[in-house]
Structure formats: structure tokens, C-alpha cells
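Asks: This is target13.txt, which holds compact mmCIF, C-alpha atoms:
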# COMPACT_ATOMS: atom_id res chain seq x y z
CA MET Q 1117 146.90 17.17 -11.28
CA ASN Q 1118 144.07 17.55 -13.77
CA MET Q 1119 146.19 19.31 -16.38
CA GLU Q 1120 149.54 18.21 -17.67
CA ILE Q 1121 152.51 20.40 -16.82
CA ILE Q 1122 154.50 21.57 -19.82
CA PHE Q 1123 158.16 22.45 -19.22
CA ARG Q 1124 159.94 25.05 -21.30
CA HIS Q 1125 163.44 26.50 -21.24
CA VAL Q 1126 162.83 30.22 -20.62
CA SER Q 1127 164.68 33.52 -20.40
CA ALA Q 1128 164.92 35.51 -17.17
CA SER Q 1129 163.79 38.57 -19.15
CA ASP Q 1130 160.44 37.00 -20.15
CA PRO Q 1131 157.77 39.17 -18.42
CA ALA Q 1132 155.93 36.14 -16.96
CA VAL Q 1133 159.22 34.77 -15.61
CA GLU Q 1134 160.10 38.19 -14.15
CA LEU Q 1135 156.71 38.26 -12.39
CA SER Q 1136 157.21 34.76 -10.97
CA ILE Q 1137 160.69 35.70 -9.74
CA SER Q 1138 159.34 38.91 -8.15
CA GLU Q 1139 156.71 36.86 -6.30
CA HIS Q 1140 159.45 34.46 -5.17
CA LEU Q 1141 161.54 37.33 -3.79
CA ARG Q 1142 158.53 38.80 -1.95
CA GLU Q 1143 157.91 35.43 -0.30
CA MET Q 1144 161.56 35.11 0.71
CA SER Q 1145 161.76 38.58 2.26
CA PRO Q 1146 160.38 37.75 5.73
CA THR Q 1147 162.29 34.45 6.05
CA ALA Q 1148 165.81 35.79 6.71
CA PRO Q 1149 167.75 39.04 7.04
CA PRO Q 1150 168.89 40.58 3.72
CA GLU Q 1151 172.47 39.31 4.04
CA SER Q 1152 171.17 35.74 4.36
CA ARG Q 1153 168.82 35.80 1.35
CA HIS Q 1154 170.38 34.12 -1.67
CA ALA Q 1155 167.43 34.22 -4.08
CA LEU Q 1156 168.35 36.04 -7.28
CA ASN Q 1157 166.28 38.62 -9.12
CA SER Q 1158 165.60 38.25 -12.85
CA THR Q 1159 168.54 40.47 -13.82
CA GLN Q 1160 170.92 38.39 -11.69
CA LEU Q 1161 169.51 35.16 -13.11
CA GLY Q 1162 170.11 36.48 -16.62
CA GLU Q 1163 173.62 37.73 -15.83
CA ASN Q 1164 174.69 34.44 -14.29
CA HIS Q 1165 173.91 32.46 -17.45
CA MET Q 1166 171.43 30.22 -15.70
CA THR Q 1167 169.49 27.48 -17.39
CA ILE Q 1168 165.93 28.35 -16.38
CA PHE Q 1169 162.87 26.15 -16.77
CA ALA Q 1170 159.25 27.11 -16.25
CA GLY Q 1171 156.45 24.61 -15.77
CA TYR Q 1172 153.20 25.77 -17.33
CA LEU Q 1173 149.65 24.74 -16.45
CA GLY Q 1174 146.92 26.21 -18.60
CA GLY Q 1175 149.39 28.62 -20.18
CA GLN Q 1176 150.45 30.11 -16.82
CA ILE Q 1177 153.74 29.60 -14.97
CA ALA Q 1178 153.04 27.21 -12.10
CA ALA Q 1179 156.64 26.25 -11.25
CA LEU Q 1180 160.10 27.66 -11.85
CA GLY Q 1181 163.61 26.34 -11.37
CA ALA Q 1182 167.14 27.06 -12.54
CA LEU Q 1183 170.58 25.49 -12.72
CA ARG Q 1184 173.85 27.36 -12.38
CA ASN Q 1185 176.98 25.49 -13.40
CA LEU Q 1186 179.69 25.78 -10.75
CA ASP Q 1187 182.22 24.01 -12.99
CA LYS Q 1188 182.22 21.21 -15.60
CA SER Q 1189 180.83 18.58 -13.23
CA ARG Q 1190 179.01 20.51 -10.49
CA ALA Q 1191 175.87 22.64 -10.59
CA GLU Q 1192 173.62 24.45 -8.14
CA LEU Q 1193 169.83 24.43 -8.08
CA LYS Q 1194 168.49 28.00 -7.90
CA SER Q 1195 165.11 29.70 -7.71
CA MET Q 1196 163.02 26.56 -7.19
CA ARG Q 1197 159.46 27.77 -6.73
CA THR Q 1198 155.90 26.58 -7.10
CA ALA Q 1199 153.20 29.24 -7.37
CA ALA Q 1200 151.13 29.39 -4.17
CA ALA Q 1201 147.92 28.34 -5.95
CA HIS Q 1202 149.58 25.14 -7.18
CA ARG Q 1203 151.44 23.93 -4.08
CA GLY Q 1204 150.86 20.42 -2.81
CA ARG Q 1205 150.14 19.05 -6.29
CA GLY Q 1206 153.54 17.54 -7.11
CA LEU Q 1207 154.78 20.38 -9.31
CA GLY Q 1208 157.87 21.01 -7.18
CA ARG Q 1209 158.85 17.36 -7.48
CA ALA Q 1210 158.19 17.45 -11.24
CA MET Q 1211 160.40 20.55 -11.59
CA LEU Q 1212 163.13 18.98 -9.46
CA GLU Q 1213 163.06 15.84 -11.63
CA ARG Q 1214 163.28 18.01 -14.76
CA LEU Q 1215 166.31 19.88 -13.38
CA ILE Q 1216 168.04 16.67 -12.28
CA GLY Q 1217 167.43 15.16 -15.71
CA HIS Q 1218 168.84 18.22 -17.45
CA ALA Q 1219 171.89 18.21 -15.15
CA ARG Q 1220 172.56 14.54 -15.91
CA ALA Q 1221 172.13 15.10 -19.66
CA THR Q 1222 174.72 17.89 -19.59
CA GLY Q 1223 177.36 15.88 -17.71
CA ILE Q 1224 176.78 17.18 -14.19
CA SER Q 1225 177.74 14.60 -11.55
CA ASP Q 1226 177.15 16.62 -8.37
CA LEU Q 1227 174.18 18.84 -7.64
CA TYR Q 1228 174.10 21.33 -4.77
CA LEU Q 1229 171.54 23.70 -3.32
CA GLU Q 1230 171.05 26.25 -0.59
CA THR Q 1231 167.69 26.63 1.12
CA GLY Q 1232 166.46 28.32 4.25
CA THR Q 1233 166.10 27.14 7.84
CA HIS Q 1234 162.84 29.10 8.36
CA ASP Q 1235 159.67 26.99 8.74
CA HIS Q 1236 158.54 28.31 5.32
CA PHE Q 1237 161.19 26.00 3.80
CA ILE Q 1238 160.17 22.77 5.59
CA PRO Q 1239 158.33 21.43 2.51
CA ALA Q 1240 161.33 22.26 0.30
CA ARG Q 1241 163.79 20.55 2.65
CA GLN Q 1242 161.52 17.49 2.81
CA LEU Q 1243 161.25 17.41 -0.99
CA TYR Q 1244 165.03 17.61 -1.43
CA ALA Q 1245 165.68 14.94 1.20
CA SER Q 1246 163.11 12.62 -0.40
CA ALA Q 1247 164.94 13.10 -3.73
CA GLY Q 1248 168.26 11.95 -2.24
CA PHE Q 1249 169.82 15.26 -1.21
CA THR Q 1250 171.75 15.26 2.07
CA VAL Q 1251 172.98 18.13 4.23
CA CYS Q 1252 176.52 19.21 3.40
CA GLU Q 1253 179.02 21.96 4.12
CA PRO Q 1254 178.69 25.35 2.39
CA PHE Q 1255 179.83 25.16 -1.24
CA GLY Q 1256 180.98 27.67 -3.83
CA SER Q 1257 181.02 31.20 -2.42
CA TYR Q 1258 178.58 30.44 0.42
CA ALA Q 1259 179.65 30.75 4.06
CA GLU Q 1260 178.20 29.09 7.15
CA ASP Q 1261 174.92 30.87 7.97
CA PRO Q 1262 172.29 30.02 10.62
CA HIS Q 1263 169.58 30.90 8.08
CA SER Q 1264 170.87 28.47 5.43
CA VAL Q 1265 170.92 24.72 4.89
CA PHE Q 1266 173.26 23.37 2.20
CA MET Q 1267 172.49 20.10 0.46
CA HIS Q 1268 174.19 17.83 -2.08
CA ARG Q 1269 173.26 14.91 -4.28
CA ARG Q 1270 175.59 12.78 -6.35
CA LEU Q 1271 174.05 12.01 -9.75
CA ASP Q 1272 175.01 8.45 -10.64
Can you dump the structure from the file as C-alpha cells?
Replies:
Amino acid sequence: MNMEIIFRHVSASDPAVELSISEHLREMSPTAPPESRHALNSTQLGENHMTIFAGYLGGQIAALGALRNLDKSRAELKSMRTAAAHRGRGLGRAMLERLIGHARATGISDLYLETGTHDHFIPARQLYASAGFTVCEPFGSYAEDPHSVFMHRRLD
């Protein structure tokens, strides 16, 4: 990366965040039937009291990620995304490290995520596995779904 990424805690109602989330939802649309898509829109992210971070390069959102607390010690990664123009530059890993660090700092001991089985998600699954996440059973309100992979990492 030539420029340094700057992380900020952001609101789901920020227009630039809304645009990034809309792009994320458009990308997710062809990867699974509607009932198997678990990406949240900006209103849902705001209503669910998510902790949302944006990674900025040159003043523009290049990466996005959120944490939803499941309870006092468990949280779920949501809406992890790197803008298409910035993929392959380590921004996803930087965002993941930021989210893991925030989870640890707030007392979270177990981190979960749901991602897709579609080929579009191969880089995401590889990133999560390289960061110590392993496949697990559905968690929270999720049910078994052939379009979903569930992963977990203990934060020690």
C-alpha cells in the first residue's frame, strides 16, 4: 500500500458508509438466494447497535467491517468488505485485525462469523482461516444453510 489506511468508528447513517453498504449488498445479490443472504443494510446495521469501522485511503472508504455483540463474551463479525478497487492490497486483513483488536479490548473472548460458500467468498474464507478462524456449527439465530459457512475463533 502506498497510502496509510486510517480507521475510524463510523455511523451506519453516514452517507459514505451507506454507499459502501449498498455496494456490498449489490455484490452479495448474485451469490445466494434471498433467504440465504445475511448481509445487513445500513438501517439494519444502525438498528442492531453495531460497532462499525471504516478504513479510509485518501479520504475515501476502502474497507468496512462491523461487530455485533451476541452477549457479554461473544461477538459476530458483520459486513466485512473491501472496495473492489482496493482488493488484494491487505486492507481486508488490516480491517480484520482492527476488529479483533477492538473485540479483545471490549472483553470479547469468542468471535464468530458467517460467510458464503459461493466462489466469490473464497478470498474471505482464506483470510479468515489464515487469521485462526475454524469452521463451526451455526451460532446465534443462524440455521444450517448450504450457502453459508460458519466460523469461530477463540481470542486468547
Asks: Report, in Å with one decimal, the straight-line distance from CA of Ala1199 in chain Q to CA of Gly1181 in chain Q.
Replies: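 Taking CA of Ala1199 in chain Q and CA of Gly1181 in chain Q, their separation equals 11.5 Å.
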Asks: Pick from Q:Glu1120, Q:Ser1189, Q:Phe1169, Q:Ala1179: nearest to Glu1139 in chain Q, with all atoms listed in the file counted?
Replies: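 Ranking Q:Glu1120, Q:Ser1189, Q:Phe1169, Q:Ala1179 by distance to Glu1139 in chain Q, first place goes to Q:Ala1179.
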Asks: Find the axis-aligned box for range 1245-1249 of chain Q, covering all its listed atoms and adding 3 Å on each side, and write its centre and edge lengths in Å to one decimal as AutoDock Vina command-line options.
Replies:
--center_x 166.5 --center_y 13.6 --center_z -1.3 --size_x 12.7 --size_y 9.3 --size_z 10.9
Asks: If we count only C-alpha atoms and set the cut-off at 10 Å, which residues sit around Gly1256 in chain Q, ignoring sequence neighbours fewer than 4 positions away in its own chain? Please answer as a list in words.
Replies: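 With the cut-off at 10 Å, the set is Leu1186, Asp1187, Arg1190, Ala1191, Glu1192 and Tyr1228 of chain Q.
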Asks: Quick one: residues within 6 Å of Ile1168 in chain Q, all atoms listed in the file, excluding same-chain residues fewer than 3 positions away - as a ChimeraX atom specification?
Replies: /Q:1125-1126,1181-1182
Asks: Write the selection just made, keeping C-alpha atoms, as a short mmCIF file (atom, residue, chain, number, x, y, z; two decimals), in the coordinates of the input?
Replies:
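Saved result, out_1.cif, follows:
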data_model
loop_
_atom_site.label_atom_id
_atom_site.label_comp_id
_atom_site.auth_asym_id
_atom_site.auth_seq_id
_atom_site.Cartn_x
_atom_site.Cartn_y
_atom_site.Cartn_z
CA HIS Q 1125 163.44 26.50 -21.24
CA VAL Q 1126 162.83 30.22 -20.62
CA GLY Q 1181 163.61 26.34 -11.37
CA ALA Q 1182 167.14 27.06 -12.54
#
Asks: In terms of the shortest atom-to-atom distance over all atoms listed in the file, which of Q:Phe1237, Q:Phe1249, Q:Leu1207, Q:Leu1212 is closest to Ser1264 in chain Q?
Replies: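 Using all atoms listed in the file, the shortest distance to Ser1264 in chain Q belongs to Q:Phe1237.
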Asks: Between CA of Ala1170 in chain Q and CA of Ala1128 in chain Q, what is the distance in Å, rounded to a tenth?
Replies: 10.2 Å
Asks: So, with all atoms listed in the file as the atoms that count, which of Q:Ala1221, Q:Leu1227, Q:Ala1210, Q:Leu1183 lies closest to Leu1271 in chain Q?
Replies: Q:Leu1227
Asks: Can you tell me how far CA of Arg1270 in chain Q sits from CA of His1234 in chain Q, in Å to one decimal?
Replies: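 We find that CA of Arg1270 in chain Q and CA of His1234 in chain Q lie 25.4 Å from each other.
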Asks: From the set Q:Met1166, Q:Ala1178, Q:Ile1216, Q:Val1265, which residue has the shortest atom-to-atom contact distance to Gly1248 in chain Q, counting only C-alpha atoms?
Replies: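 Once distances to Gly1248 in chain Q are computed over only C-alpha atoms, the minimum belongs to Q:Ile1216.
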Asks: Under the rule that all atoms listed in the file are counted, which of Q:Ile1224, Q:Leu1180, Q:Ala1132, Q:Ile1238 is the nearest residue to Arg1269 in chain Q?
Replies: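 Smallest distance to Arg1269 in chain Q is found for Q:Ile1224.
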